[in-house]
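**Q** Structure file structure.txt, compact mmCIF, C-alpha atoms, is pasted below:
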```txt
# COMPACT_ATOMS: atom_id res chain seq x y z
CA CYS B 1 0.00 0.00 0.00
CA PRO B 2 1.58 3.31 -1.04
CA VAL B 3 0.04 5.09 1.96
CA SER B 4 1.24 2.70 4.68
CA THR B 5 4.67 2.24 3.07
CA PRO B 6 5.53 5.63 1.54
CA LEU B 7 8.42 5.78 -0.91
CA GLN B 8 11.29 8.22 -0.99
CA VAL B 9 10.49 11.27 -3.08
CA SER B 10 12.75 13.35 -5.30
CA ALA B 11 15.32 15.61 -3.65
CA CYS B 12 15.03 18.44 -6.16
CA THR B 13 12.50 19.07 -8.93
CA ASP B 14 12.85 21.33 -11.97
CA VAL B 15 9.60 23.09 -12.86
CA LEU B 16 9.33 23.56 -16.62
CA THR B 17 6.63 24.59 -19.06
CA GLY B 18 6.00 23.77 -22.66
CA TYR B 19 3.97 22.19 -25.42
CA ALA B 20 4.39 19.95 -28.46
CA LYS B 21 5.61 21.59 -31.64
CA ASP B 22 3.39 19.25 -33.67
CA LYS B 23 0.11 21.17 -33.72
CA THR B 24 -1.85 18.07 -34.71
CA LEU B 25 -1.22 16.55 -31.26
CA LEU B 26 -2.72 19.43 -29.29
CA PRO B 27 -6.47 19.00 -30.04
CA ASN B 28 -6.51 15.46 -28.60
CA SER B 29 -4.53 16.36 -25.48
CA SER B 30 -5.71 18.10 -22.33
CA SER B 31 -3.04 20.79 -22.36
CA GLY B 32 0.33 20.92 -24.12
CA ALA B 33 0.53 17.34 -25.50
CA ILE B 34 3.68 16.44 -23.57
CA PHE B 35 2.45 12.91 -22.84
CA PRO B 36 2.01 11.74 -26.47
CA VAL B 37 5.47 13.02 -27.39
CA LEU B 38 7.23 11.25 -24.49
CA ALA B 39 5.15 8.09 -24.80
CA ALA B 40 5.75 7.92 -28.56
CA GLU B 41 9.49 7.95 -27.90
CA ILE B 42 9.10 4.92 -25.63
CA ILE B 43 7.13 3.11 -28.34
CA ARG B 44 9.83 4.03 -30.87
CA ARG B 45 12.30 2.23 -28.60
CA GLY B 46 10.17 -0.90 -28.78
CA GLY B 47 8.56 -0.16 -25.44
CA ILE B 48 5.06 -0.32 -24.04
CA VAL B 49 2.82 2.40 -22.58
CA PHE B 50 0.20 2.02 -19.83
CA GLY B 51 -2.47 4.66 -19.32
CA ALA B 52 -6.17 5.38 -18.84
CA ALA B 53 -8.62 4.86 -21.71
CA PHE B 54 -12.36 4.39 -22.23
CA ASP B 55 -13.44 0.82 -22.84
CA LYS B 56 -16.37 -0.05 -25.13
CA ASN B 57 -18.84 0.79 -22.34
CA PHE B 58 -17.05 4.08 -21.51
CA ASN B 59 -15.69 2.81 -18.23
CA VAL B 60 -12.18 4.15 -17.61
CA VAL B 61 -9.61 1.35 -17.47
CA HIS B 62 -5.83 1.30 -17.48
CA THR B 63 -4.79 -0.30 -20.74
CA VAL B 64 -1.77 -0.83 -22.98
CA ALA B 65 -0.49 0.87 -26.12
CA GLU B 66 2.29 -0.61 -28.21
CA THR B 67 1.67 1.41 -31.39
CA LEU B 68 1.16 5.10 -32.09
CA SER B 69 -2.41 4.45 -33.23
CA GLU B 70 -3.20 2.76 -29.91
CA LEU B 71 -1.64 5.66 -28.01
CA THR B 72 -4.40 8.08 -29.03
CA ALA B 73 -6.94 6.44 -26.69
CA LEU B 74 -4.66 7.14 -23.70
CA CYS B 75 -4.49 10.88 -24.41
CA SER B 76 -6.64 13.55 -22.73
CA SER B 77 -8.05 13.59 -19.21
CA LYS B 78 -10.84 11.29 -18.07
CA TYR B 79 -12.47 12.64 -14.92
CA VAL B 80 -13.34 9.25 -13.48
CA GLN B 81 -11.41 6.88 -11.23
CA SER B 82 -9.69 4.40 -13.54
CA CYS B 83 -9.82 0.68 -12.92
CA ILE B 84 -6.39 -0.93 -12.64
CA PRO B 85 -6.85 -4.49 -14.04
CA ALA B 86 -5.59 -7.31 -11.84
CA ASP B 87 -2.68 -8.06 -14.17
CA CYS B 88 -1.66 -4.46 -14.94
CA TYR B 89 1.30 -4.14 -12.57
CA SER B 90 2.44 -7.71 -13.24
CA ARG B 91 2.47 -6.96 -16.97
CA VAL B 92 4.70 -3.96 -16.25
CA LYS B 93 7.01 -6.21 -14.23
CA LYS B 94 7.15 -8.82 -17.00
CA ALA B 95 7.93 -6.22 -19.69
CA LEU B 96 10.75 -4.80 -17.55
CA ALA B 97 12.13 -8.28 -16.92
CA ASN B 98 12.23 -8.77 -20.69
CA GLY B 99 14.33 -5.64 -21.04
CA ARG B 100 11.62 -3.46 -22.58
CA TRP B 101 11.05 0.22 -21.89
CA VAL B 102 7.80 0.88 -20.03
CA TYR B 103 5.99 4.22 -19.66
CA PHE B 104 3.30 4.26 -16.94
CA SER B 105 0.92 7.22 -16.76
CA GLY B 106 -1.58 7.52 -13.90
CA MET B 107 -2.60 9.32 -10.78
CA PRO B 108 0.13 9.93 -8.16
CA CYS B 109 -1.25 7.17 -5.93
CA GLN B 110 -1.27 4.72 -8.86
CA ALA B 111 2.29 5.54 -9.93
CA THR B 112 3.50 5.22 -6.33
CA ALA B 113 1.65 1.91 -5.94
CA LEU B 114 3.39 0.54 -9.04
CA LYS B 115 6.83 1.46 -7.72
CA SER B 116 5.95 -0.01 -4.33
CA TYR B 117 4.83 -3.22 -6.04
CA LEU B 118 8.07 -3.48 -8.04
CA GLY B 119 10.15 -2.85 -4.92
CA ARG B 120 13.17 -1.47 -6.75
CA GLU B 121 14.23 1.14 -9.27
CA CYS B 122 14.15 -0.06 -12.87
CA GLU B 123 16.31 1.66 -15.47
CA THR B 124 13.82 1.15 -18.29
CA LEU B 125 10.73 2.30 -16.36
CA ILE B 126 9.34 5.83 -16.75
CA THR B 127 6.58 6.79 -14.32
CA GLN B 128 4.52 9.89 -14.97
CA ASP B 129 1.78 11.13 -12.69
CA THR B 130 -0.76 13.86 -13.31
CA ALA B 131 -1.74 16.81 -11.16
CA CYS B 132 -4.86 15.28 -9.68
CA HIS B 133 -7.82 17.34 -8.51
CA SER B 134 -9.44 14.16 -7.11
CA VAL B 135 -10.98 10.96 -8.50
CA PRO B 136 -14.77 10.88 -8.90
CA SER B 137 -17.01 7.90 -8.29
CA PRO B 138 -17.36 5.56 -11.31
CA MET B 139 -20.99 4.97 -10.28
CA VAL B 140 -21.87 8.64 -10.72
CA TRP B 141 -20.12 8.64 -14.10
CA GLU B 142 -22.02 5.51 -15.23
CA ASN B 143 -25.31 7.11 -14.22
CA TYR B 144 -24.40 10.32 -16.05
CA VAL B 145 -23.65 8.36 -19.24
CA ALA B 146 -27.01 6.58 -18.93
CA ALA B 147 -28.77 9.92 -18.49
CA LEU B 148 -27.04 11.36 -21.59
CA GLU B 149 -28.01 8.31 -23.66
CA LYS B 150 -31.62 8.55 -22.53
CA GLN B 151 -31.72 12.28 -23.25
CA HIS B 152 -30.29 11.89 -26.77
CA GLY B 153 -31.94 8.58 -27.68
CA GLY B 154 -28.76 6.72 -28.65
CA LYS B 155 -25.72 4.88 -27.38
CA LEU B 156 -22.57 6.87 -26.67
CA THR B 157 -19.87 6.42 -29.33
CA SER B 158 -17.34 9.06 -28.27
CA PHE B 159 -16.83 11.39 -25.33
CA SER B 160 -14.37 14.16 -24.50
CA PHE B 161 -14.04 15.97 -21.18
CA ARG B 162 -11.62 18.44 -22.76
CA ASP B 163 -12.80 19.33 -26.26
CA LYS B 164 -10.71 22.31 -27.41
CA ALA B 165 -12.63 23.29 -30.56
CA THR B 166 -12.92 26.82 -29.11
CA GLY B 167 -9.56 26.74 -27.33
CA TRP B 168 -7.85 25.26 -24.31
CA GLU B 169 -9.13 27.62 -21.61
CA GLY B 170 -12.82 27.51 -22.52
CA TYR B 171 -12.94 23.76 -23.13
CA HIS B 172 -16.19 21.87 -23.66
CA ILE B 173 -17.80 18.54 -22.91
CA HIS B 174 -18.45 16.82 -26.25
CA ALA B 175 -20.38 13.60 -26.83
CA GLU B 176 -21.45 11.73 -29.97
CA PHE B 177 -24.14 9.05 -30.26
CA ASP B 178 -24.84 6.17 -32.63
CA ASN B 179 -27.95 7.92 -34.01
CA GLY B 180 -25.83 10.80 -35.31
CA ARG B 181 -26.74 13.24 -32.56
CA GLU B 182 -24.11 15.32 -30.75
CA PHE B 183 -23.96 17.08 -27.40
CA ARG B 184 -21.62 19.94 -26.63
CA GLN B 185 -21.60 22.09 -23.49
CA LEU B 186 -19.15 24.50 -21.91
CA ALA B 187 -17.46 22.45 -19.21
CA ALA B 188 -17.97 25.20 -16.64
CA GLU B 189 -21.73 24.83 -17.17
CA ASN B 190 -21.87 21.03 -17.29
CA PRO B 191 -23.46 19.41 -14.21
CA TYR B 192 -21.08 16.44 -14.08
CA GLN B 193 -18.04 18.67 -14.40
CA ARG B 194 -19.35 21.17 -11.85
CA GLY B 195 -19.97 18.42 -9.30
CA PHE B 196 -16.52 16.97 -9.93
CA LEU B 197 -14.78 20.32 -9.46
CA LYS B 198 -16.69 20.86 -6.22
CA GLY B 199 -15.58 17.40 -5.04
CA LEU B 200 -19.16 16.25 -4.41
CA TYR B 201 -18.47 12.70 -5.57
CA SER B 202 -14.74 12.42 -5.03
CA ARG B 203 -13.32 9.53 -3.05
CA PRO B 204 -13.13 10.38 0.69
CA SER B 205 -9.41 9.54 0.65
CA CYS B 206 -8.85 12.43 -1.78
CA PHE B 207 -9.55 14.94 1.00
CA SER B 208 -6.46 13.72 2.86
CA CYS B 209 -4.33 12.80 -0.17
CA LYS B 210 -0.74 11.83 0.75
CA PHE B 211 0.65 12.41 -2.73
CA LYS B 212 0.62 16.20 -3.08
CA GLY B 213 3.58 18.57 -3.28
CA ILE B 214 6.30 19.36 -5.77
CA GLU B 215 8.57 16.44 -4.85
CA ARG B 216 7.35 13.03 -6.04
CA CYS B 217 8.68 9.48 -6.47
CA SER B 218 7.75 9.55 -10.18
CA ASP B 219 9.96 10.74 -13.03
CA PHE B 220 7.51 13.40 -14.24
CA THR B 221 4.38 15.19 -13.11
CA LEU B 222 2.24 16.82 -15.82
CA ALA B 223 -0.30 19.57 -15.19
CA ASP B 224 -2.20 22.39 -16.88
CA TYR B 225 -0.44 25.74 -16.64
CA TRP B 226 -3.57 27.70 -15.82
CA GLY B 227 -3.01 31.44 -15.83
CA VAL B 228 0.06 31.22 -18.05
CA LYS B 229 -1.21 34.05 -20.27
CA ASP B 230 -0.79 36.48 -17.35
CA ILE B 231 2.03 34.77 -15.41
CA GLN B 232 4.32 33.94 -18.34
CA PRO B 233 2.78 35.21 -21.61
CA GLU B 234 5.73 34.16 -23.78
CA ALA B 235 5.00 30.50 -22.90
CA TYR B 236 1.28 30.70 -23.75
CA ASN B 237 -0.25 28.52 -26.45
CA PRO B 238 -4.00 28.96 -27.11
CA GLN B 239 -4.30 25.19 -27.66
CA GLY B 240 -2.68 24.34 -24.33
CA THR B 241 0.40 24.87 -22.19
CA SER B 242 1.66 22.25 -19.75
CA LEU B 243 3.60 22.38 -16.53
CA ILE B 244 6.29 19.69 -16.38
CA LEU B 245 7.71 18.76 -12.99
CA LEU B 246 10.95 16.92 -13.69
CA HIS B 247 11.91 14.69 -10.76
CA SER B 248 14.72 12.43 -11.98
CA ASP B 249 17.80 12.16 -14.17
CA LYS B 250 16.07 9.34 -16.06
CA GLY B 251 13.17 11.66 -16.78
CA ARG B 252 15.56 14.39 -17.87
CA ALA B 253 17.24 12.05 -20.35
CA LEU B 254 13.87 11.15 -21.91
CA LEU B 255 12.86 14.81 -22.12
CA GLU B 256 16.16 15.75 -23.75
CA SER B 257 15.74 12.96 -26.32
CA CYS B 258 12.50 14.70 -27.39
CA ASN B 259 13.90 18.25 -27.40
CA GLY B 260 13.33 18.73 -31.12
CA LYS B 261 9.63 17.94 -30.73
CA LEU B 262 8.90 20.12 -27.69
CA GLN B 263 8.95 23.83 -26.95
CA ILE B 264 10.30 23.85 -23.38
CA THR B 265 11.36 26.62 -21.02
CA THR B 266 11.68 27.15 -17.27
CA ALA B 267 8.38 27.96 -15.58
CA ALA B 268 8.01 31.33 -13.88
CA ASP B 269 7.55 31.87 -10.17
CA GLY B 270 3.87 31.54 -9.32
CA ALA B 271 3.27 28.79 -11.89
CA PHE B 272 1.02 26.92 -9.43
CA THR B 273 -1.10 29.95 -8.55
CA PHE B 274 -4.13 28.76 -10.51
CA ASN B 275 -3.52 25.01 -10.17
CA PRO B 276 -3.29 24.43 -6.41
CA ALA B 277 -4.19 20.74 -6.87
CA VAL B 278 -0.50 20.13 -7.54
CA LEU B 279 0.35 21.15 -3.98
CA THR B 280 -2.60 20.45 -1.69
CA PRO B 281 -5.65 18.15 -1.46
CA ILE B 282 -9.08 19.56 -2.16
CA GLN B 283 -11.27 20.28 0.85
CA LYS B 284 -14.27 18.12 1.62
CA PRO B 285 -17.36 20.08 0.46
CA ALA B 286 -19.71 21.25 3.16
CA ARG B 287 -22.60 19.46 1.41
CA TYR B 288 -20.71 16.23 0.61
CA ASP B 289 -22.68 14.05 3.04
CA GLU B 290 -25.92 15.73 2.01
CA PHE B 291 -25.19 14.93 -1.65
CA TRP B 292 -24.67 11.23 -0.94
CA THR B 293 -27.71 11.03 1.35
CA GLY B 294 -29.89 12.34 -1.47
CA TYR B 295 -28.14 10.73 -4.42
CA GLY B 296 -30.37 8.42 -6.43
CA LYS B 297 -33.58 9.50 -4.74
```
Have the structure of the file written as structure tokens, please.

**A**
Amino acid sequence: CPVSTPLQVSACTDVLTGYAKDKTLLPNSSSGAIFPVLAAEIIRRGGIVFGAAFDKNFNVVHTVAETLSELTALCSSKYVQSCIPADCYSRVKKALANGRWVYFSGMPCQATALKSYLGRECETLITQDTACHSVPSPMVWENYVAALEKQHGGKLTSFSFRDKATGWEGYHIHAEFDNGREFRQLAAENPYQRGFLKGLYSRPSCFSCKFKGIERCSDFTLADYWGVKDIQPEAYNPQGTSLILLHSDKGRALLESCNGKLQITTAADGAFTFNPAVLTPIQKPARYDEFWTGYGK
């Protein structure tokens, strides 16, 4: 358990900012498309990538990509707790034992759990966690999907929490259905997204999360650089700018191998001003218990 047996965290982290130079990667990524660039390099080395994707029923499950086409499903945020299949960590261990590169992307608790499971540092393992606001209940997500399908009279065929058709900052919820209908709504006005941001259906453990702070046991932490237009305007990209917390020499070597594909610079002081989830857990909402008492009635 990564809570009862905490791992040693990094001694010194470099805080960087940037985005992919390939503009075609940005629309399908939550912010600056750092993940698909780094993960693609691992695949180029004959490696394997683990990350969160929708399954055919739009549950969020950690799955595997071994080709660039498979990697697309792992991009962009899914605001649901992902299921880690029973064999996920053992598959990582087997790939490492076979000498393959492995890139694991997940929440900080998931990345820490993997390293705790392995019990040692592995030279060909890259762990990347994400600045986590909290993880919402899969049950609430399943009920929301069912409500959308009933409202639009069809089965869901695609869903994006971070559609950037009108830009990164004003992103939308976008859903498509098998009857040809579409649903698009500003995320700030979407009921599921609003409840998630308030923490109304986050896991109780998220309110006392042990995996916050700049220093981590992972190689990278990726986050949105909210407020970059005012804090560091020269680093701003209207299709998304990422914060990159670089925790290890191994991570640095991977980043440097992708230098030609990334626009990277040092982040300015105050880079976490509008993304406090990097540093501290969210607070339990005053109406959390009331929400669950009334939910489903």

**Q** Find the residue from B:Lys198, B:Lys297, B:Lys21, B:Lys229 that sits nearest to B:His133; use all atoms listed in the file when measuring.

**A** B:Lys198

**Q** Find the smallest box with edges along x, y and z containing every listed atom of stretch 184-190 of chain B, then add 4 Å on each side and report centre and edge lengths in Å to one decimal, as JSON.

**A**
```
{"center_x": -19.7, "center_y": 22.6, "center_z": -21.6, "size_x": 12.4, "size_y": 13.3, "size_z": 18.0}
```

**Q** Against stretch 143-154 of chain B, which residues of stretch 160-251 of chain B fall within 7 Å? For each one I want the closest pair of atoms and the distance in Å (one decimal), counting all atoms listed in the file, rows by chain and increasing residue number, as a Markdown table.

**A**
```
| residue | atom | partner | partner_atom | distance |
| --- | --- | --- | --- | --- |
| B:Phe177 | CA | B:Gly154 | CA | 5.4 |
| B:Asp178 | CA | B:Gly154 | CA | 5.6 |
| B:Asn179 | CA | B:Gly154 | CA | 5.6 |
| B:Arg181 | CA | B:His152 | CA | 6.9 |
```

**Q** Report, in Å to a single decimal, how far apart atom CA of B:Glu215 and atom CA of B:Gln8 are.

**A**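 Answer for the atom CA of B:Gln8 to atom CA of B:Glu215 separation: 9.5 Å.
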
**Q** What is the atom CA of B:Trp168 to atom CA of B:Ala187 distance in Å?

**A** 11.2 Å

**Q** So that I can check the surroundings of B:Tyr225, please list as a PyMOL selection string every protein, DNA and RNA residue that reaches within 12 Å of it, counting only C-alpha atoms and ignoring chain neighbours fewer than 3 positions away.

**A** chain B and resi 15-19+30-32+131+168-169+222+228-233+235-245+267-278

**Q** To one decimal in Å, tell me the separation between atom CA of B:Leu74 and atom CA of B:Ala53.

**A**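 So the answer is 5.0 Å.
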
**Q** Nearest to B:Trp101: which of B:Asp87, B:Asp129, B:Glu142, B:Glu41 is it, counting only C-alpha atoms?

**A**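 With only C-alpha atoms as the atom set, the closest residue is B:Glu41.
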
**Q** B:Asp163, B:Glu234, B:Glu256, B:Asp224: which is nearest B:Arg184, counting all atoms listed in the file?

**A**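 Result for the nearest residue to B:Arg184: B:Asp163.
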
**Q** Name the closest residue to B:Thr67 among the candidates B:Ile173, B:Cys258, B:Leu125, B:Ile42; distances are taken between atoms, counting all atoms listed in the file.

**A** B:Ile42

**Q** Taking into account only C-alpha atoms, which residue in the set B:Glu66, B:Ser137, B:Thr265, B:Thr24 is nearest to B:Arg45?

**A**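 Using only C-alpha atoms, the shortest distance to B:Arg45 belongs to B:Glu66.
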
**Q** Of the candidates B:Ala223, B:Cys88, B:Cys206, B:Cys12, which one gets nearest to B:Ser76 if we count all atoms listed in the file?

**A**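 Ranking B:Ala223, B:Cys88, B:Cys206, B:Cys12 by distance to B:Ser76, first place goes to B:Ala223.
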
**Q** Once you count all atoms listed in the file, which residues end up no further than 12 Å from (-18.9, 17.1, -30.9) in the file's frame, shown as a list in words?

**A**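 So the residues meeting the distance criterion are Leu156, Thr157, Ser158, Phe159, Ser160, Phe161, Arg162, Asp163, Lys164, Ala165, Thr166, Tyr171, His172, Ile173, His174, Ala175, Glu176, Phe177, Gly180, Arg181, Glu182, Phe183, Arg184, Gln185 and Leu186 of chain B.
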
**Q** Counting only C-alpha atoms, which residues in stretch 161-247 of chain B sit no more than 12 Å from stretch 111-120 of chain B? For each one, give the nearest pair of atoms and the distance in Å, sorted by chain then residue number, as a tab-separated table.

**A**
```
residue	atom	partner	partner_atom	distance
B:Lys210	CA	B:Thr112	CA	10.6
B:Phe211	CA	B:Thr112	CA	8.5
B:Lys212	CA	B:Thr112	CA	11.8
B:Arg216	CA	B:Thr112	CA	8.7
B:Cys217	CA	B:Thr112	CA	6.7
B:Ser218	CA	B:Ala111	CA	6.8
B:Asp219	CA	B:Ala111	CA	9.8
B:Phe220	CA	B:Ala111	CA	10.4
B:Thr221	CA	B:Ala111	CA	10.4
```

**Q** Save stretch 5-16 of chain B from what I just supplied, as a PDB file, in the first residue's frame, atoms limited to N, CA and C atoms.

**A**
```
ATOM      1  N   THR B   5       3.217   2.392   3.285  1.00  0.00           N
ATOM      2  CA  THR B   5       4.666   2.241   3.066  1.00  0.00           C
ATOM      3  C   THR B   5       5.119   3.291   2.056  1.00  0.00           C
ATOM      4  N   PRO B   6       5.177   4.564   2.487  1.00  0.00           N
ATOM      5  CA  PRO B   6       5.534   5.634   1.543  1.00  0.00           C
ATOM      6  C   PRO B   6       6.942   5.466   1.001  1.00  0.00           C
ATOM      7  N   LEU B   7       7.123   5.871  -0.253  1.00  0.00           N
ATOM      8  CA  LEU B   7       8.417   5.775  -0.912  1.00  0.00           C
ATOM      9  C   LEU B   7       9.177   7.086  -0.801  1.00  0.00           C
ATOM     10  N   GLN B   8      10.468   7.010  -0.995  1.00  0.00           N
ATOM     11  CA  GLN B   8      11.289   8.219  -0.994  1.00  0.00           C
ATOM     12  C   GLN B   8      10.946   9.063  -2.208  1.00  0.00           C
ATOM     13  N   VAL B   9      10.819  10.369  -1.985  1.00  0.00           N
ATOM     14  CA  VAL B   9      10.487  11.273  -3.084  1.00  0.00           C
ATOM     15  C   VAL B   9      11.747  11.961  -3.580  1.00  0.00           C
ATOM     16  N   SER B  10      11.616  12.679  -4.683  1.00  0.00           N
ATOM     17  CA  SER B  10      12.751  13.352  -5.301  1.00  0.00           C
ATOM     18  C   SER B  10      13.345  14.397  -4.360  1.00  0.00           C
ATOM     19  N   ALA B  11      14.642  14.628  -4.501  1.00  0.00           N
ATOM     20  CA  ALA B  11      15.323  15.608  -3.653  1.00  0.00           C
ATOM     21  C   ALA B  11      15.207  17.017  -4.214  1.00  0.00           C
ATOM     22  N   CYS B  12      15.086  17.118  -5.528  1.00  0.00           N
ATOM     23  CA  CYS B  12      15.025  18.439  -6.162  1.00  0.00           C
ATOM     24  C   CYS B  12      14.309  18.312  -7.501  1.00  0.00           C
ATOM     25  N   THR B  13      13.309  19.132  -7.719  1.00  0.00           N
ATOM     26  CA  THR B  13      12.500  19.075  -8.932  1.00  0.00           C
ATOM     27  C   THR B  13      12.664  20.356  -9.747  1.00  0.00           C
ATOM     28  N   ASP B  14      12.850  20.198 -11.052  1.00  0.00           N
ATOM     29  CA  ASP B  14      12.848  21.335 -11.973  1.00  0.00           C
ATOM     30  C   ASP B  14      11.425  21.545 -12.468  1.00  0.00           C
ATOM     31  N   VAL B  15      10.951  22.779 -12.400  1.00  0.00           N
ATOM     32  CA  VAL B  15       9.601  23.093 -12.862  1.00  0.00           C
ATOM     33  C   VAL B  15       9.718  23.777 -14.223  1.00  0.00           C
ATOM     34  N   LEU B  16       9.234  23.096 -15.247  1.00  0.00           N
ATOM     35  CA  LEU B  16       9.335  23.560 -16.623  1.00  0.00           C
ATOM     36  C   LEU B  16       7.940  23.808 -17.187  1.00  0.00           C
TER      37      LEU B  16
END
```
